[in-house]
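Participant: So that you have it, the file is data.txt, and it contains compact mmCIF, C-alpha atoms and all ligand atoms:
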# COMPACT_ATOMS: atom_id res chain seq x y z
CA MET A 2 57.91 -7.99 -37.91
CA LYS A 3 58.19 -6.93 -34.28
CA ALA A 4 54.66 -5.51 -33.98
CA ALA A 5 53.12 -8.72 -35.34
CA ASP A 6 55.27 -10.90 -33.06
CA ASP A 7 54.34 -8.83 -29.99
CA ILE A 8 50.62 -9.08 -30.74
CA TYR A 9 50.90 -12.80 -31.54
CA ARG A 10 52.60 -13.52 -28.22
CA SER A 11 49.91 -11.57 -26.34
CA LEU A 12 47.07 -13.77 -27.65
CA PRO A 13 45.71 -16.81 -25.77
CA GLU A 14 47.25 -20.17 -26.66
CA GLY A 15 44.11 -21.47 -28.41
CA THR A 16 43.99 -18.44 -30.71
CA ARG A 17 47.73 -18.68 -31.42
CA ASN A 18 47.36 -22.32 -32.47
CA ALA A 19 44.34 -21.54 -34.67
CA LEU A 20 46.25 -18.66 -36.32
CA SER A 21 49.30 -20.84 -36.97
CA CYS A 22 47.06 -23.35 -38.78
CA LEU A 23 45.34 -20.52 -40.71
CA PHE A 24 48.63 -18.93 -41.79
CA SER A 25 49.99 -22.25 -43.05
CA ALA A 26 46.74 -23.22 -44.86
CA TYR A 27 46.07 -19.92 -46.68
CA HIS A 28 48.31 -17.41 -48.34
CA PHE A 29 48.39 -13.97 -46.66
CA THR A 30 50.66 -10.99 -47.23
CA GLU A 31 52.57 -9.73 -44.20
CA SER A 32 50.23 -6.72 -43.88
CA GLN A 33 47.19 -9.02 -44.01
CA LYS A 34 48.69 -11.13 -41.22
CA LEU A 35 49.21 -8.00 -39.14
CA GLU A 36 45.60 -6.94 -39.78
CA ILE A 37 44.33 -10.37 -38.66
CA LEU A 38 46.46 -10.25 -35.52
CA LYS A 39 45.26 -6.75 -34.61
CA GLU A 40 41.62 -7.73 -35.04
CA GLU A 41 42.17 -10.83 -32.91
CA ALA A 42 43.74 -8.65 -30.21
CA ASP A 43 40.66 -6.38 -30.30
CA LEU A 44 38.31 -9.39 -30.08
CA ARG A 45 40.22 -10.71 -27.09
CA GLN A 46 40.02 -7.33 -25.35
CA TRP A 47 36.26 -7.18 -26.02
CA LYS A 48 35.85 -10.80 -24.84
CA GLU A 49 34.28 -11.67 -28.18
CA GLU A 50 34.88 -15.02 -29.87
CA SER A 51 37.99 -15.36 -32.02
CA PHE A 52 37.08 -14.94 -35.69
CA THR A 53 39.21 -17.98 -36.56
CA SER A 54 36.83 -20.11 -34.51
CA ILE A 55 33.66 -18.89 -36.22
CA TYR A 56 34.82 -18.56 -39.82
CA LYS A 57 33.36 -21.17 -42.16
CA ALA A 58 35.46 -21.50 -45.29
CA PRO A 59 33.53 -22.23 -48.51
CA GLU A 60 34.09 -25.85 -49.58
CA ASN A 61 36.10 -26.95 -52.62
CA ARG A 62 37.45 -23.52 -53.53
CA ASN A 63 41.07 -24.07 -54.43
CA ASP A 64 41.56 -21.05 -56.65
CA GLY A 65 44.30 -19.55 -54.43
CA ARG A 66 41.99 -16.80 -53.13
CA ASN A 67 40.98 -18.36 -49.79
CA GLY A 68 43.15 -15.85 -47.93
CA ASP A 69 41.38 -12.89 -49.60
CA ARG A 70 37.98 -14.42 -48.83
CA TYR A 71 38.96 -14.79 -45.18
CA ILE A 72 40.06 -11.15 -45.01
CA MET A 73 36.80 -9.93 -46.59
CA ALA A 74 34.65 -12.00 -44.21
CA MET A 75 36.68 -10.81 -41.21
CA ARG A 76 36.32 -7.16 -42.21
CA ALA A 77 32.56 -7.54 -42.64
CA TYR A 78 32.29 -9.19 -39.22
CA MET A 79 34.41 -6.55 -37.49
CA ASN A 80 32.56 -3.70 -39.20
CA HIS A 81 29.30 -5.16 -38.01
CA LEU A 82 30.54 -5.36 -34.41
CA ARG A 83 31.90 -1.83 -34.51
CA SER A 84 28.94 -0.13 -36.15
CA SER A 85 26.16 -1.81 -34.15
CA GLU A 86 25.20 -0.93 -30.57
CA THR A 87 27.68 -2.59 -28.22
CA ASP A 88 26.12 -5.51 -26.40
CA TYR A 89 27.08 -5.58 -22.72
CA SER A 90 24.58 -8.28 -21.71
CA ASP A 91 27.16 -11.09 -21.98
CA PHE A 92 30.17 -9.04 -20.89
CA THR A 93 31.61 -9.17 -17.41
CA PRO A 94 35.13 -7.77 -17.38
CA ASN A 95 37.82 -8.85 -14.98
CA ILE A 96 38.16 -5.69 -12.96
CA HIS A 97 41.56 -4.24 -13.59
CA PRO A 98 42.17 -1.49 -11.08
CA ARG A 99 45.51 0.03 -11.96
CA PRO A 100 47.18 -0.02 -8.56
CA LYS A 101 48.16 3.38 -7.23
CA SER A 102 50.94 2.56 -4.84
CA ARG A 103 50.80 5.83 -2.93
CA VAL A 104 49.69 9.41 -2.91
CA MET A 105 52.65 11.76 -2.72
CA ASP A 106 53.08 15.48 -2.45
CA THR A 107 54.99 17.01 -5.32
CA ASP A 108 56.67 20.40 -5.32
CA LYS A 109 55.73 20.96 -8.96
CA GLU A 110 54.86 24.53 -9.97
CA LEU A 111 51.24 25.33 -10.73
CA VAL A 112 50.48 26.48 -14.25
CA LEU A 113 47.17 27.62 -15.66
CA SER A 114 46.66 25.66 -18.89
CA ARG A 115 44.07 25.72 -21.63
CA CYS A 116 41.68 22.86 -22.27
CA PRO A 117 42.71 20.22 -24.81
CA CYS A 118 40.34 21.44 -27.59
CA PRO A 119 41.95 22.26 -30.94
CA VAL A 120 42.94 25.92 -31.34
CA ASP A 121 40.00 28.23 -32.16
CA GLY A 122 38.44 27.14 -35.39
CA GLU A 123 35.69 25.24 -37.11
CA LYS A 124 36.53 21.80 -35.79
CA THR A 125 34.92 21.97 -32.34
CA ARG A 126 33.03 24.54 -30.31
CA CYS A 127 35.10 25.26 -27.18
CA CYS A 128 34.13 27.15 -23.99
CA LYS A 129 37.79 28.08 -23.31
CA LEU A 130 37.92 26.38 -19.94
CA ARG A 131 41.27 26.94 -18.22
CA THR A 132 42.69 24.06 -16.22
CA LEU A 133 44.75 23.70 -13.06
CA ASP A 134 46.35 20.33 -12.36
CA VAL A 135 46.30 20.45 -8.55
CA ILE A 136 46.29 16.63 -8.46
CA GLU A 137 47.73 14.39 -11.14
CA GLN A 138 46.63 10.79 -11.79
CA CYS A 139 43.48 9.19 -10.45
CA ALA A 140 42.59 6.30 -8.19
CA PHE A 141 39.62 5.31 -10.34
CA SER A 142 40.03 3.03 -13.34
CA CYS A 143 37.74 4.10 -16.17
CA SER A 144 38.63 1.96 -19.14
CA TYR A 145 38.53 4.91 -21.58
CA CYS A 146 40.62 7.24 -19.44
CA SER A 147 43.21 9.42 -21.14
CA VAL A 148 44.58 10.58 -17.76
CA GLN A 149 45.60 6.99 -17.01
CA ALA A 150 47.26 6.81 -20.39
CA PHE A 151 48.99 10.17 -19.96
CA TYR A 152 50.52 9.61 -16.51
CA SER A 153 52.17 6.25 -16.61
CA GLU A 154 53.31 6.16 -13.01
CA ASN A 155 51.09 4.34 -10.57
CA GLU A 156 51.31 7.18 -8.12
CA ILE A 157 48.96 10.05 -7.47
CA HIS A 158 50.70 13.41 -7.08
CA ALA A 159 49.12 16.18 -5.02
CA VAL A 160 50.76 19.58 -5.45
CA SER A 161 52.30 20.62 -2.12
CA ASP A 162 51.98 24.04 -0.49
CA ILE A 163 48.94 24.39 -2.70
CA LYS A 164 47.32 27.36 -0.96
CA ASN A 165 50.38 29.62 -1.35
CA LYS A 166 50.93 28.52 -4.92
CA LEU A 167 47.29 29.22 -5.81
CA LEU A 168 47.33 32.62 -4.13
CA ALA A 169 50.51 33.55 -6.02
CA LEU A 170 48.91 32.82 -9.41
CA ASP A 171 48.42 35.87 -11.58
CA LEU A 172 45.11 35.81 -13.48
CA ASP A 173 44.45 38.13 -16.41
CA ASP A 174 40.95 39.44 -17.20
CA SER A 175 40.25 36.72 -19.76
CA VAL A 176 40.19 34.03 -17.06
CA TRP A 177 36.72 33.36 -15.61
CA HIS A 178 36.23 29.55 -15.57
CA ILE A 179 38.86 27.17 -14.19
CA GLY A 180 38.51 23.41 -13.83
CA THR A 181 40.62 21.10 -11.67
CA GLY A 182 39.20 17.81 -12.94
CA GLN A 183 41.26 17.38 -16.09
CA ALA A 184 44.17 15.48 -14.57
CA SER A 185 42.36 13.65 -11.77
CA ASP A 186 39.08 13.46 -9.86
CA SER A 187 38.67 16.81 -8.11
CA ILE A 188 37.31 15.63 -4.74
CA LEU A 189 38.43 12.03 -4.37
CA LEU A 190 41.32 12.93 -2.04
CA GLY A 191 39.12 15.36 -0.09
CA ASP A 192 41.30 17.83 1.79
CA ASP A 193 43.93 15.24 2.73
CA HIS A 194 46.64 17.36 1.05
CA GLY A 195 45.14 20.80 1.69
CA THR A 196 43.79 21.01 -1.87
CA LEU A 197 40.26 22.07 -0.94
CA THR A 198 41.48 24.58 1.64
CA GLY A 199 43.75 26.09 -1.02
CA LEU A 200 40.95 26.24 -3.58
CA ILE A 201 38.63 27.94 -1.10
CA ALA A 202 41.22 30.68 -0.46
CA PHE A 203 41.80 31.01 -4.22
CA ALA A 204 38.04 31.28 -4.91
CA GLU A 205 37.67 33.94 -2.20
CA LYS A 206 40.49 35.96 -3.76
CA HIS A 207 38.83 35.81 -7.22
CA PRO A 208 35.06 36.06 -6.64
CA ASP A 209 34.27 36.53 -10.36
CA VAL A 210 36.15 33.41 -11.39
CA ILE A 211 34.21 30.16 -11.31
CA ILE A 212 36.18 27.19 -10.00
CA GLU A 213 34.75 23.88 -11.17
CA LEU A 214 35.47 20.73 -9.19
CA LYS A 215 34.53 17.73 -11.35
CA SER A 216 34.08 14.25 -9.93
CA LYS A 217 32.74 10.71 -10.16
CA SER A 218 33.14 10.29 -6.43
CA ALA A 219 30.73 9.89 -3.53
CA ARG A 220 33.26 11.23 -1.02
CA ASN A 221 31.44 13.60 1.28
CA VAL A 222 33.45 16.82 1.40
CA PHE A 223 30.49 18.92 2.49
CA ASP A 224 31.19 19.24 6.18
CA ARG A 225 32.46 22.76 5.47
CA LYS A 226 31.22 25.76 3.52
CA TYR A 227 32.53 26.75 0.08
CA PRO A 228 32.33 30.18 -1.59
CA GLU A 229 29.49 30.59 -4.14
CA ASN A 230 31.97 30.68 -7.02
CA ILE A 231 33.02 27.08 -6.37
CA PHE A 232 30.82 24.94 -8.53
CA PHE A 233 30.67 21.14 -8.13
CA SER A 234 30.01 18.94 -11.13
CA TRP A 235 29.62 15.20 -11.57
CA SER A 236 30.19 13.15 -14.68
CA LEU A 237 27.23 10.82 -15.04
CA ASN A 238 26.73 7.78 -17.18
CA ALA A 239 24.27 4.98 -17.86
CA GLU A 240 24.25 2.33 -15.10
CA THR A 241 25.60 -0.33 -17.47
CA ILE A 242 28.57 1.84 -18.45
CA ILE A 243 29.32 2.73 -14.83
CA ARG A 244 29.31 -0.95 -13.87
CA LYS A 245 31.24 -2.29 -16.83
CA GLU A 246 33.61 0.52 -17.83
CA GLU A 247 33.99 3.04 -14.97
CA HIS A 248 35.69 0.76 -12.46
CA LEU A 249 35.89 1.79 -8.79
CA THR A 250 33.85 4.97 -9.33
CA ALA A 251 30.71 5.79 -7.33
CA SER A 252 27.36 4.44 -8.50
CA LEU A 253 24.90 6.74 -10.23
CA ASP A 254 22.98 7.06 -6.95
CA GLY A 255 26.20 7.81 -5.05
CA ARG A 256 27.09 10.63 -7.43
CA ILE A 257 23.59 12.12 -7.41
CA GLU A 258 23.42 11.96 -3.61
CA ASN A 259 26.77 13.72 -3.35
CA ALA A 260 25.56 16.39 -5.78
CA MET A 261 22.52 16.87 -3.53
CA ARG A 262 24.87 17.41 -0.59
CA ALA A 263 26.73 20.09 -2.59
CA ARG A 264 23.44 21.78 -3.45
CA ASP A 265 22.17 21.59 0.15
CA ASN A 266 25.48 23.01 1.33
CA GLY A 267 24.85 26.15 -0.74
CA ASN A 268 26.68 25.67 -4.05
CA LEU A 269 25.72 25.46 -7.69
CA VAL A 270 25.86 22.01 -9.21
CA GLY A 271 26.38 20.76 -12.78
CA PHE A 272 26.46 17.48 -14.66
CA HIS A 273 28.43 16.11 -17.57
CA ILE A 274 26.56 13.31 -19.28
CA HIS A 275 29.78 12.12 -20.66
CA PRO A 276 31.14 10.03 -22.27
CA MET A 277 27.96 8.65 -23.78
CA VAL A 278 28.40 5.14 -25.17
CA TYR A 279 26.37 3.68 -28.03
CA PHE A 280 25.30 0.38 -26.47
CA ARG A 281 22.24 -1.84 -26.59
CA GLY A 282 19.69 -0.19 -24.29
CA TRP A 283 21.29 3.28 -24.40
CA GLU A 284 17.99 5.13 -24.96
CA ASP A 285 16.31 3.83 -21.78
CA GLU A 286 19.37 4.03 -19.58
CA TYR A 287 20.35 7.59 -20.54
CA GLU A 288 16.74 8.66 -20.18
CA ALA A 289 16.84 7.22 -16.66
CA VAL A 290 19.87 9.45 -15.94
CA THR A 291 17.94 12.55 -17.07
CA ARG A 292 14.95 11.51 -14.92
CA ARG A 293 17.21 11.08 -11.92
CA ILE A 294 18.58 14.63 -12.38
CA SER A 295 15.22 16.28 -12.95
CA SER A 296 13.55 14.52 -10.03
CA GLU A 297 16.19 15.72 -7.54
CA PHE A 298 17.19 19.15 -8.85
CA LYS A 299 15.44 22.32 -9.89
CA ALA A 300 16.75 24.48 -12.72
CA GLU A 301 17.89 27.10 -10.19
CA ASP A 302 20.19 24.51 -8.52
CA LEU A 303 22.02 23.77 -11.73
CA PHE A 304 24.49 25.95 -13.55
CA ALA A 305 25.21 23.73 -16.56
CA ILE A 306 24.69 20.32 -18.13
CA SER A 307 27.09 19.19 -20.83
CA ILE A 308 26.66 16.28 -23.20
CA GLY A 309 29.52 14.53 -24.96
CA THR A 310 30.92 11.21 -26.00
CA LEU A 311 34.09 9.18 -26.45
CA THR A 312 36.94 10.79 -28.36
CA PHE A 313 40.39 9.29 -28.53
CA THR A 314 43.72 10.55 -29.78
CA LYS A 315 45.83 8.09 -31.75
CA SER A 316 48.26 7.72 -28.86
CA VAL A 317 45.51 6.98 -26.31
CA LEU A 318 44.02 4.39 -28.67
CA LYS A 319 47.40 2.74 -29.01
CA ARG A 320 47.92 2.78 -25.29
CA LEU A 321 44.49 1.29 -24.49
CA ARG A 322 45.07 -1.47 -27.05
CA MET A 323 48.52 -2.23 -25.66
CA GLN A 324 47.17 -2.46 -22.11
CA GLY A 325 44.79 -5.12 -23.44
CA GLU A 326 42.49 -4.86 -20.43
CA GLU A 327 39.04 -6.36 -20.86
CA SER A 328 36.70 -3.66 -22.10
CA ARG A 329 34.20 -3.13 -24.90
CA ILE A 330 34.78 0.61 -25.01
CA LEU A 331 36.69 0.40 -28.31
CA GLU A 332 34.05 -1.82 -29.92
CA MET A 333 32.89 1.25 -31.82
CA GLU A 334 33.24 2.96 -35.16
CA LEU A 335 36.27 5.20 -34.93
CA THR A 336 35.75 7.99 -37.42
CA PRO A 337 38.13 10.96 -37.71
CA ALA A 338 36.92 13.94 -35.62
CA ALA A 339 39.01 17.11 -35.27
CA GLY A 340 42.30 15.23 -35.17
CA LYS A 341 40.90 12.53 -32.90
CA PHE A 342 38.59 9.51 -33.36
CA SER A 343 34.97 9.31 -32.31
CA TYR A 344 31.51 8.01 -33.33
CA PRO A 345 30.08 9.14 -36.69
CA LEU A 346 28.17 12.42 -36.50
CA ASP A 347 24.82 10.74 -37.08
CA VAL A 348 25.23 8.47 -34.04
CA LYS A 349 26.22 11.46 -31.91
CA ARG A 350 23.28 13.51 -33.12
CA ARG A 351 20.85 10.74 -32.17
CA MET A 352 22.38 10.15 -28.74
CA PHE A 353 22.72 13.83 -27.78
CA SER A 354 19.23 14.75 -29.09
CA HIS A 355 17.69 11.92 -27.12
CA VAL A 356 19.32 13.06 -23.88
CA TYR A 357 18.42 16.71 -24.35
CA SER A 358 14.82 16.03 -25.33
CA SER A 359 14.39 13.69 -22.33
CA PHE A 360 14.76 16.61 -19.91
CA PRO A 361 11.54 18.39 -18.91
CA GLN A 362 10.92 21.85 -20.35
CA ASP A 363 11.80 23.78 -17.17
CA ILE A 364 15.26 22.18 -17.05
CA GLN A 365 15.80 22.73 -20.79
CA ASP A 366 14.82 26.39 -20.44
CA GLY A 367 16.52 27.16 -17.13
CA VAL A 368 19.90 25.40 -17.37
CA PHE A 369 22.83 26.16 -19.64
CA PHE A 370 23.21 23.07 -21.90
CA TYR A 371 26.27 22.67 -24.06
CA LEU A 372 28.08 20.10 -26.16
CA CYS A 373 31.58 19.39 -24.92
CA MET A 374 34.34 19.47 -27.56
CA GLU A 375 31.90 18.61 -30.33
CA ASP A 376 31.49 19.44 -33.98
CA PRO A 377 29.73 22.84 -34.37
CA SER A 378 27.23 21.30 -36.83
CA LEU A 379 25.65 19.27 -33.97
CA TRP A 380 24.52 22.26 -31.90
CA LEU A 381 21.49 23.37 -33.90
CA PRO A 382 19.92 19.93 -34.46
CA VAL A 383 20.56 18.88 -30.85
CA LEU A 384 20.07 22.02 -28.75
CA GLY A 385 18.15 24.28 -31.16
CA ARG A 386 20.83 26.97 -30.96
CA GLU A 387 24.37 27.48 -32.20
CA TYR A 388 27.22 29.96 -32.02
CA GLY A 389 29.20 31.43 -34.90
CA CYS A 390 32.49 31.26 -32.99
CA ASP A 391 34.00 30.08 -29.70
CA LYS A 392 33.95 33.61 -28.28
CA ASP A 393 30.13 33.83 -28.59
CA PHE A 394 29.80 30.47 -26.83
CA GLU A 395 32.16 31.54 -24.05
CA GLU A 396 30.38 34.86 -23.49
CA ASP A 397 26.94 33.26 -23.35
CA MET A 398 28.17 30.67 -20.87
CA LYS A 399 29.75 33.37 -18.69
CA ARG A 400 26.56 35.49 -18.77
CA ASN A 401 24.50 32.46 -17.69
CA TYR A 402 26.95 31.66 -14.93
CA LEU A 403 26.97 35.18 -13.49
CA MET A 404 23.17 35.20 -13.51
CA LYS A 405 23.00 31.85 -11.66
CA ARG A 406 25.68 32.88 -9.18
CA ASP A 407 23.79 36.09 -8.34
CA MET A 408 20.54 34.12 -7.91
CA LEU A 409 22.40 31.78 -5.58
CA LYS A 410 23.77 34.68 -3.55
CA VAL A 411 20.24 35.98 -3.10
CA ARG A 412 19.12 32.52 -1.94
CA ASN A 413 22.08 32.27 0.42
CA GLY A 414 21.22 35.73 1.83
CA ILE A 415 24.44 37.37 0.58
CA LEU A 416 22.93 39.80 -1.97
S1 LIG B 501 37.47 9.49 -12.99
FE1 LIG B 501 38.31 10.63 -14.74
S2 LIG B 501 40.51 10.76 -14.31
FE2 LIG B 501 39.68 9.15 -12.98
S3 LIG B 501 39.95 7.22 -14.10
FE3 LIG B 501 37.89 7.99 -14.58
S4 LIG B 501 38.14 9.23 -16.48
FE4 LIG B 501 40.20 8.93 -15.57
Show me this structure written as structure tokens.
Ligand code: SF4
Facilitator:
Amino acid sequence: MKAADDIYRSLPEGTRNALSCLFSAYHFTESQKLEILKEEADLRQWKEESFTSIYKAPENRNDGRNGDRYIMAMRAYMNHLRSSETDYSDFTPNIHPRPKSRVMDTDKELVLSRCPCPVDGEKTRCCKLRTLDVIEQCAFSCSYCSVQAFYSENEIHAVSDIKNKLLALDLDDSVWHIGTGQASDSILLGDDHGTLTGLIAFAEKHPDVIIELKSKSARNVFDRKYPENIFFSWSLNAETIIRKEEHLTASLDGRIENAMRARDNGNLVGFHIHPMVYFRGWEDEYEAVTRRISSEFKAEDLFAISIGTLTFTKSVLKRLRMQGEESRILEMELTPAAGKFSYPLDVKRRMFSHVYSSFPQDIQDGVFFYLCMEDPSLWLPVLGREYGCDKDFEEDMKRNYLMKRDMLKVRNGIL
């Protein structure tokens, strides 16, 4: 079996020797062997001990069922690891920046796409964000990243002649919220390739369209003014997750300080507390993130705060496992969720509710909170409100945005 051979060869020598002994001592079917190999590959990626080295076989049981007993014990052990809070206290990954050999201009055409939510329906509540891939691939190395999995080349591509291409784009009336952070970090390259200059011209041409630049970067791009309809957002995470899983990105302080620069420069700011990870200590560390936001920002500074967690497609899961880089991000229960895999609903409800309730009342009341690409059943228990369909969600978000933008214009002396 090729898959089994490939995994076997990828394991450390000590584990390979232990597995050879195991496979000759006990009887396993071919599919059981494959299951054992896959679990050993996961344990190696998580830097957890090999199960072969901790399994204690019961003595004097020669009934021919030792293989089945091993499988049952292994499943119980793996289920325990996956369903409990991930322990990062003994985990220090070898940093594995995926080298980006160069940043190149590409003459690719610009296309306005829709966000990757499933088509309108009951599976998720979607705000209908439209996306523009002005840069493709990212210099950061988050271990859970689907962008890294999607673009295999180790090159970052910046769309050339960006200003003219943006100005030539035809927008229909349904378009009001466009994000550029779906295929890369929106500000990491600054204006090195004219991207920010192009986006400023585009925002000025469409004053009722909000352009969201999403980042995990501390790069200071605030030595120039941006139109009020450019909105800067930062993805934030618990310190432990930033240090252990979001390699090369800015620290929590670095991101918050950059958001303060955006605010002081006259723009609305937002945060995505995303992807939340269920790890030992998550309550305190995510609460610290909410304190950091509410101590530096007033409700009037903030357009929106979204909350969300890890979701993986089958192909991204496969890719992350094949890369085999040290990470505990997949040490989690992977339950089916709208065609992808994510934490069970109960875990999400507890994490999201904790974050929302940790914000002070004025932030809860004065900022548009939403759940990103999540099951509609989570809205009411977490945020105390829900929408019957995506359209209602989209319209409420737009109304809140226009109100905040007008308040900002008054503050900036434009209205
Ligand atoms: S910042 Fe975003 S695009 Fe860049 S590596 Fe992290 S998740 Fe991927």
Participant: What are the nearest atom pairs, with distances in Å to one decimal, for all residues of chain A that come at most 8 Å from ligand LIG 501 (chain B), using only C-alpha atoms and all ligand atoms, set out by chain and rising residue number as JSON lines?
Facilitator:
{"residue": "A:Gln138", "atom": "CA", "partner": "B:LIG501", "partner_atom": "S2", "distance": 6.6}
{"residue": "A:Cys139", "atom": "CA", "partner": "B:LIG501", "partner_atom": "FE2", "distance": 4.6}
{"residue": "A:Ala140", "atom": "CA", "partner": "B:LIG501", "partner_atom": "FE2", "distance": 6.3}
{"residue": "A:Phe141", "atom": "CA", "partner": "B:LIG501", "partner_atom": "S3", "distance": 4.2}
{"residue": "A:Ser142", "atom": "CA", "partner": "B:LIG501", "partner_atom": "S3", "distance": 4.3}
{"residue": "A:Cys143", "atom": "CA", "partner": "B:LIG501", "partner_atom": "FE3", "distance": 4.2}
{"residue": "A:Ser144", "atom": "CA", "partner": "B:LIG501", "partner_atom": "S3", "distance": 7.4}
{"residue": "A:Tyr145", "atom": "CA", "partner": "B:LIG501", "partner_atom": "S4", "distance": 6.7}
{"residue": "A:Cys146", "atom": "CA", "partner": "B:LIG501", "partner_atom": "FE4", "distance": 4.2}
{"residue": "A:Ser147", "atom": "CA", "partner": "B:LIG501", "partner_atom": "FE4", "distance": 6.4}
{"residue": "A:Val148", "atom": "CA", "partner": "B:LIG501", "partner_atom": "FE4", "distance": 5.2}
{"residue": "A:Gln149", "atom": "CA", "partner": "B:LIG501", "partner_atom": "FE4", "distance": 5.9}
{"residue": "A:Gly182", "atom": "CA", "partner": "B:LIG501", "partner_atom": "S2", "distance": 7.3}
{"residue": "A:Gln183", "atom": "CA", "partner": "B:LIG501", "partner_atom": "S2", "distance": 6.9}
{"residue": "A:Ala184", "atom": "CA", "partner": "B:LIG501", "partner_atom": "S2", "distance": 6.0}
{"residue": "A:Ser185", "atom": "CA", "partner": "B:LIG501", "partner_atom": "S2", "distance": 4.3}
{"residue": "A:Asp186", "atom": "CA", "partner": "B:LIG501", "partner_atom": "S1", "distance": 5.3}
{"residue": "A:Ser216", "atom": "CA", "partner": "B:LIG501", "partner_atom": "S1", "distance": 6.6}
{"residue": "A:Lys217", "atom": "CA", "partner": "B:LIG501", "partner_atom": "S1", "distance": 5.6}
{"residue": "A:Ser218", "atom": "CA", "partner": "B:LIG501", "partner_atom": "S1", "distance": 7.9}
{"residue": "A:Glu247", "atom": "CA", "partner": "B:LIG501", "partner_atom": "FE3", "distance": 6.3}
{"residue": "A:His248", "atom": "CA", "partner": "B:LIG501", "partner_atom": "FE3", "distance": 7.8}
{"residue": "A:Thr250", "atom": "CA", "partner": "B:LIG501", "partner_atom": "S1", "distance": 6.9}
Participant: Please, could you write that set of residues out with C-alpha atoms as a JSON list (two decimals), in the frame of the given file?
Facilitator:
[["chain", "number", "residue", "atom", "x", "y", "z"],
["A", 138, "GLN", "CA", 46.63, 10.79, -11.79],
["A", 139, "CYS", "CA", 43.48, 9.19, -10.45],
["A", 140, "ALA", "CA", 42.59, 6.30, -8.19],
["A", 141, "PHE", "CA", 39.62, 5.31, -10.34],
["A", 142, "SER", "CA", 40.03, 3.03, -13.34],
["A", 143, "CYS", "CA", 37.74, 4.10, -16.17],
["A", 144, "SER", "CA", 38.63, 1.96, -19.14],
["A", 145, "TYR", "CA", 38.53, 4.91, -21.58],
["A", 146, "CYS", "CA", 40.62, 7.24, -19.44],
["A", 147, "SER", "CA", 43.21, 9.42, -21.14],
["A", 148, "VAL", "CA", 44.58, 10.58, -17.76],
["A", 149, "GLN", "CA", 45.60, 6.99, -17.01],
["A", 182, "GLY", "CA", 39.20, 17.81, -12.94],
["A", 183, "GLN", "CA", 41.26, 17.38, -16.09],
["A", 184, "ALA", "CA", 44.17, 15.48, -14.57],
["A", 185, "SER", "CA", 42.36, 13.65, -11.77],
["A", 186, "ASP", "CA", 39.08, 13.46, -9.86],
["A", 216, "SER", "CA", 34.08, 14.25, -9.93],
["A", 217, "LYS", "CA", 32.74, 10.71, -10.16],
["A", 218, "SER", "CA", 33.14, 10.29, -6.43],
["A", 247, "GLU", "CA", 33.99, 3.04, -14.97],
["A", 248, "HIS", "CA", 35.69, 0.76, -12.46],
["A", 250, "THR", "CA", 33.85, 4.97, -9.33]]
Participant: Could you work out how far CA of Arg351 in chain A lies from CA of Val290 in chain A, giving the answer in Å with one decimal?
Facilitator: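 Computing it gives 16.3 Å between the two atoms.
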Participant: Under the rule that only C-alpha atoms are counted, which of A:Trp235, A:Trp177, A:Tyr56, A:Tyr287 is the nearest residue to Val210 in chain A?
Facilitator: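 Comparing A:Trp235, A:Trp177, A:Tyr56, A:Tyr287 against Val210 in chain A, the winner is A:Trp177.
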Participant: What's around Leu20 in chain A at 9 Å? Count only C-alpha atoms, leave out sequence neighbours fewer than 5 positions away in its own chain, and write the answer as an mmCIF file with C-alpha atoms, in the frame of the given file.
Facilitator:
data_model
loop_
_atom_site.group_PDB
_atom_site.id
_atom_site.type_symbol
_atom_site.label_atom_id
_atom_site.label_comp_id
_atom_site.auth_asym_id
_atom_site.auth_seq_id
_atom_site.Cartn_x
_atom_site.Cartn_y
_atom_site.Cartn_z
ATOM 1 C CA TYR A 9 50.900 -12.800 -31.540
ATOM 2 C CA GLY A 15 44.110 -21.470 -28.410
ATOM 3 C CA SER A 25 49.990 -22.250 -43.050
ATOM 4 C CA ILE A 37 44.330 -10.370 -38.660
ATOM 5 C CA LEU A 38 46.460 -10.250 -35.520
ATOM 6 C CA THR A 53 39.210 -17.980 -36.560
#
Participant: Which of these, A:Pro361, A:Gly195, A:Pro228, A:Gly180, has the shortest distance to Ile212 in chain A once you count only C-alpha atoms?
Facilitator: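 Nearest to Ile212 in chain A: A:Gly180.
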Participant: In the coordinates of the file, take the point (42.0, -2.8, -25.9) and a cut-off of 10 Å; then, counting only C-alpha atoms, name each qualifying protein, DNA or RNA residue as a list of chain:residue names.
Facilitator: A:Ala42, A:Asp43, A:Leu44, A:Arg45, A:Gln46, A:Trp47, A:Ser144, A:Tyr145, A:Leu318, A:Lys319, A:Arg320, A:Leu321, A:Arg322, A:Met323, A:Gln324, A:Gly325, A:Glu326, A:Glu327, A:Ser328, A:Arg329, A:Ile330, A:Leu331, A:Glu332
Participant: At a cut-off of 8 Å, using all atoms listed in the file, what residues contact range 151-166 of chain A? Leave out same-chain residues fewer than 6 positions from it and give the result as a PyMOL selection string.
Facilitator: chain A and resi 99-111+135-140+194-196+198-200+202-203+317
Participant: Hey, which of A:Gly267, A:Ser234, A:Glu60, A:His81 ends up closest to Ile415 in chain A? Count all atoms listed in the file.
Facilitator: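 Closest candidate: A:Gly267.
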Participant: Give me the box for range 213-229 of chain A as JSON, namely the centre and edge lengths in Å to one decimal of a box along x, y and z that holds every listed atom plus 3 Å on each side.
Facilitator:
{"center_x": 32.5, "center_y": 20.2, "center_z": -2.6, "size_x": 12.0, "size_y": 26.7, "size_z": 23.5}
Participant: Select, from A:Asn238, A:Glu334, A:Arg386, A:Trp283, the residue with the minimum atom-to-atom distance to His355 in chain A, counting only C-alpha atoms.
Facilitator: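 Using only C-alpha atoms, His355 in chain A sits closest to A:Trp283.
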